[in-house]
$ cat model.csv   # CSV, C-alpha atoms
chain,number,residue,atom,x,y,z
P,1,MET,CA,2.5,-6.2,2.3
P,2,MET,CA,3.8,-5.0,-1.0
P,3,HIS,CA,5.2,-7.7,-3.4
P,4,MET,CA,8.6,-7.0,-4.9
P,5,THR,CA,8.5,-9.9,-7.4
P,6,PHE,CA,5.9,-11.0,-9.8
P,7,TYR,CA,3.1,-13.1,-8.3
P,8,TRP,CA,0.0,-14.8,-9.7
P,9,GLY,CA,-3.1,-14.6,-7.7
P,10,ARG,CA,-6.4,-12.8,-7.4
P,11,ASP,CA,-5.6,-10.9,-4.2
P,12,VAL,CA,-4.2,-7.5,-5.5
P,13,THR,CA,-4.3,-3.9,-4.3
P,14,LEU,CA,-4.3,-1.7,-7.3
P,15,LEU,CA,-3.4,2.0,-7.1
P,16,PHE,CA,-5.6,2.8,-4.1
P,17,ASP,CA,-6.1,1.1,-0.8
P,18,SER,CA,-9.8,0.9,-1.5
P,19,TRP,CA,-9.2,-1.0,-4.8
P,20,LYS,CA,-8.6,-4.5,-3.5
P,21,THR,CA,-9.7,-7.7,-5.1
P,22,LYS,CA,-10.8,-10.6,-3.0
P,23,THR,CA,-12.9,-12.7,-5.4
P,24,TRP,CA,-12.4,-13.9,-8.9
P,25,ALA,CA,-15.1,-11.7,-10.2
P,26,GLU,CA,-13.5,-8.6,-8.7
P,27,TYR,CA,-10.1,-9.7,-10.1
P,28,CYS,CA,-11.5,-10.3,-13.6
P,29,LEU,CA,-13.2,-6.8,-13.6
P,30,THR,CA,-9.9,-5.3,-12.5
P,31,LEU,CA,-8.1,-7.0,-15.4
P,32,LEU,CA,-10.8,-5.9,-17.8
P,33,THR,CA,-10.4,-2.3,-16.5
P,34,CYS,CA,-6.7,-2.5,-17.0
P,35,PHE,CA,-7.2,-3.8,-20.5
P,36,LEU,CA,-9.6,-1.1,-21.4
P,37,PHE,CA,-7.5,1.8,-20.0
P,38,SER,CA,-4.5,0.5,-21.9
P,39,ALA,CA,-6.4,0.4,-25.2
P,40,PHE,CA,-7.9,3.8,-24.4
P,41,TYR,CA,-4.3,5.1,-23.9
P,42,GLN,CA,-3.5,4.1,-27.5
P,43,TYR,CA,-6.7,5.6,-28.8
P,44,LEU,CA,-5.9,9.0,-27.1
P,45,GLU,CA,-2.4,8.9,-28.5
P,46,ASP,CA,-3.7,8.4,-32.0
P,47,ARG,CA,-6.2,11.3,-31.6
P,48,ARG,CA,-3.4,13.5,-30.2
P,49,LEU,CA,-1.1,12.7,-33.2
P,50,ARG,CA,-3.9,13.3,-35.7
P,51,LEU,CA,-4.6,16.7,-34.0
P,52,LYS,CA,-1.0,17.6,-34.2
P,53,GLN,CA,-0.1,17.0,-37.8
P,54,PRO,CA,-1.6,15.8,-41.0
P,55,GLN,CA,-0.7,12.3,-42.1
P,56,LEU,CA,0.1,11.0,-45.5
P,57,SER,CA,-2.1,8.2,-46.6
P,58,SER,CA,-2.3,6.4,-50.0
P,59,SER,CA,-5.4,6.8,-52.0
P,60,SER,CA,-7.7,3.8,-52.1
P,61,SER,CA,-8.8,4.4,-55.6
P,62,SER,CA,-7.2,2.3,-58.3
P,63,SER,CA,-6.9,5.2,-60.8
P,64,SER,CA,-4.4,7.1,-58.7
P,65,THR,CA,-1.7,5.7,-56.5
P,66,ALA,CA,-0.2,9.0,-55.4
P,67,PRO,CA,-0.3,9.7,-51.7
P,68,THR,CA,-2.8,12.3,-50.6
P,69,THR,CA,-2.6,14.5,-47.6
P,70,THR,CA,-5.3,14.2,-45.0
P,71,THR,CA,-6.3,16.9,-42.7
P,72,PRO,CA,-5.6,16.8,-39.0
P,73,LEU,CA,-8.4,16.1,-36.5
P,74,LEU,CA,-8.9,19.8,-36.0
P,75,ASP,CA,-7.5,22.1,-38.7
P,76,SER,CA,-5.2,24.7,-37.2
P,77,LYS,CA,-6.2,27.2,-39.9
P,78,LEU,CA,-9.9,27.4,-38.9
P,79,GLY,CA,-10.8,30.9,-40.2
P,80,GLY,CA,-7.1,31.7,-40.4
P,81,SER,CA,-7.1,33.3,-37.0
P,82,GLY,CA,-4.5,32.8,-34.3
P,83,GLY,CA,-7.2,32.1,-31.7
P,84,ALA,CA,-8.2,28.9,-33.5
P,85,ARG,CA,-4.6,27.8,-33.6
P,86,SER,CA,-4.2,28.6,-29.9
P,87,LEU,CA,-7.3,26.5,-29.2
P,88,VAL,CA,-5.9,23.6,-31.1
P,89,ARG,CA,-2.6,23.9,-29.2
P,90,LEU,CA,-4.5,24.1,-25.9
P,91,LEU,CA,-6.5,21.0,-26.8
P,92,GLY,CA,-3.4,19.2,-27.8
P,93,ALA,CA,-1.7,20.0,-24.5
P,94,ALA,CA,-4.8,18.8,-22.5
P,95,MET,CA,-4.8,15.6,-24.5
P,96,PHE,CA,-1.1,15.1,-23.8
P,97,GLY,CA,-1.7,15.7,-20.0
P,98,VAL,CA,-4.6,13.2,-19.9
P,99,ASN,CA,-2.6,10.7,-21.9
P,100,ALA,CA,0.5,11.2,-19.7
P,101,ALA,CA,-1.6,10.7,-16.5
P,102,ILE,CA,-3.1,7.5,-17.9
P,103,GLY,CA,0.3,6.2,-18.9
P,104,TYR,CA,1.7,6.8,-15.4
P,105,MET,CA,-1.3,5.2,-13.8
P,106,LEU,CA,-0.8,2.1,-16.0
P,107,MET,CA,2.9,2.1,-15.0
P,108,LEU,CA,1.9,2.2,-11.3
P,109,ALA,CA,-0.6,-0.6,-11.9
P,110,VAL,CA,2.1,-2.8,-13.4
P,111,MET,CA,4.2,-2.0,-10.3
P,112,SER,CA,1.7,-4.0,-8.2
P,113,PHE,CA,3.8,-6.9,-9.6
P,114,ASN,CA,0.6,-9.0,-10.2
P,115,GLY,CA,1.2,-11.1,-13.3
P,116,GLY,CA,-2.4,-10.9,-14.5
P,117,VAL,CA,-2.4,-7.1,-14.3
P,118,PHE,CA,0.9,-7.0,-16.2
P,119,VAL,CA,-0.5,-9.3,-18.9
P,120,ALA,CA,-3.8,-7.3,-19.2
P,121,ILE,CA,-2.0,-4.0,-19.6
P,122,VAL,CA,0.5,-5.3,-22.2
P,123,VAL,CA,-2.3,-7.1,-24.2
P,124,GLY,CA,-4.5,-3.9,-23.9
P,125,LEU,CA,-1.7,-1.8,-25.2
P,126,SER,CA,-1.0,-4.2,-28.1
P,127,VAL,CA,-4.7,-4.5,-29.1
P,128,GLY,CA,-5.1,-0.8,-28.8
P,129,TYR,CA,-2.1,-0.3,-31.0
P,130,LEU,CA,-3.4,-2.8,-33.5
P,131,VAL,CA,-6.8,-1.2,-33.7
P,132,PHE,CA,-6.0,2.5,-33.4
P,133,ARG,CA,-2.4,3.0,-34.5
P,134,SER,CA,-1.1,0.3,-36.8
P,135,HIS,CA,-2.3,2.1,-39.8
P,136,ASP,CA,0.2,5.0,-39.3
P,137,GLN,CA,3.5,2.9,-39.4
P,138,ASP,CA,4.9,5.2,-42.1
P,139,VAL,CA,4.6,8.3,-40.0
P,140,VAL,CA,7.5,8.9,-37.8
P,141,VAL,CA,7.0,11.2,-34.8
P,142,VAL,CA,10.1,12.0,-32.8
P,143,ASP,CA,8.8,14.8,-30.6
P,144,ASN,CA,8.7,13.1,-27.2
P,145,PRO,CA,11.4,11.0,-25.6
P,146,CYS,CA,9.1,10.1,-22.7
P,147,ALA,CA,8.0,6.4,-22.9
P,148,CYS,CA,4.7,7.1,-21.2
P,149,ALA,CA,3.3,9.6,-23.6

$ encode --input "model.csv" --output "structure tokens"
Amino acid sequence: MMHMTFYWGRDVTLLFDSWKTKTWAEYCLTLLTCFLFSAFYQYLEDRRLRLKQPQLSSSSSSSSTAPTTTTPLLDSKLGGSGGARSLVRLLGAAMFGVNAAIGYMLMLAVMSFNGGVFVAIVVGLSVGYLVFRSHDQDVVVVDNPCACA
């Protein structure tokens, strides 16, 4: 039976009929998996944004306080050819697709209405943001209205 309100307990079916937890060990491993996938979601989003555009960062040296431009993860001007630019766009699209799929899977996991799964995902997203994305607070990217990607 599917729950329609939040519940707290170790018995949860997550995403697939075969992913059922019956013991506390299985439940804890499931929560750890949710946490890790949530943090990985933030990591991939950071990599995708770095691939897409260069970021401004302040120089760490005390002699110069002017911001410097850093290069993206893969420079779109590799060799100046259009083929390298297309490769970067293709890689960016693939990263977007993987990240969107992970985001939707996390949303479906939250829809199991298990309180522990919800907390594990929210904490994983928060820790992933802190570790991977909190450094780019000055960069504003308004290219995607979708909350999952």

$ closest_residue --input "model.csv" --among "P:Gly116, P:Gly128, P:Gly92, P:Gly97" --to "Leu14 of chain P" --atoms "all atoms listed in the file"
P:Gly116

$ atom_distance --input "model.csv" --atom1 "atom CA of Ser126 of chain P" --atom2 "atom CA of Ala39 of chain P"
7.7 Å

$ residues_around --input "model.csv" --residues "Tyr41 of chain P" --least-positions-apart "3" --cutoff "8 Å" --atoms "only C-alpha atoms" --output "PyMOL selection string"
chain P and resi 37-38+44-45+99+102-103+125+128

$ write_last_selection --input "model.csv" --atoms "C-alpha atoms" --output "mmCIF file, keeping the file's coordinate frame"
data_model
loop_
_atom_site.group_PDB
_atom_site.id
_atom_site.type_symbol
_atom_site.label_atom_id
_atom_site.label_comp_id
_atom_site.auth_asym_id
_atom_site.auth_seq_id
_atom_site.Cartn_x
_atom_site.Cartn_y
_atom_site.Cartn_z
ATOM 1 C CA PHE P 37 -7.500 1.800 -20.000
ATOM 2 C CA SER P 38 -4.500 0.500 -21.900
ATOM 3 C CA LEU P 44 -5.900 9.000 -27.100
ATOM 4 C CA GLU P 45 -2.400 8.900 -28.500
ATOM 5 C CA ASN P 99 -2.600 10.700 -21.900
ATOM 6 C CA ILE P 102 -3.100 7.500 -17.900
ATOM 7 C CA GLY P 103 0.300 6.200 -18.900
ATOM 8 C CA LEU P 125 -1.700 -1.800 -25.200
ATOM 9 C CA GLY P 128 -5.100 -0.800 -28.800
#

$ residues_around --input "model.csv" --residues "Leu36 of chain P" --least-positions-apart "6" --cutoff "12 Å" --atoms "only C-alpha atoms" --output "PyMOL selection string"
chain P and resi 29-30+42-43+102+106+117+120-128

$ closest_residue --input "model.csv" --among "P:Met2, P:Cys34, P:Leu90, P:Val98" --to "Asp17 of chain P" --atoms "only C-alpha atoms"
P:Met2

$ closest_residue --input "model.csv" --among "P:Val88, P:Leu15, P:Trp8, P:His135" --to "Ser112 of chain P" --atoms "all atoms listed in the file"
P:Leu15

$ atom_distance --input "model.csv" --atom1 "atom CA of Met107 of chain P" --atom2 "atom CA of Ser134 of chain P"
22.2 Å

$ atom_distance --input "model.csv" --atom1 "atom CA of Thr5 of chain P" --atom2 "atom CA of Val110 of chain P"
11.3 Å

$ closest_residue --input "model.csv" --among "P:Tyr27, P:Tyr129, P:Phe35, P:Phe118" --to "Thr13 of chain P" --atoms "all atoms listed in the file"
P:Tyr27

$ closest_residue --input "model.csv" --among "P:Arg50, P:Asp11, P:Phe16, P:Leu31" --to "Arg133 of chain P" --atoms "only C-alpha atoms"
P:Arg50
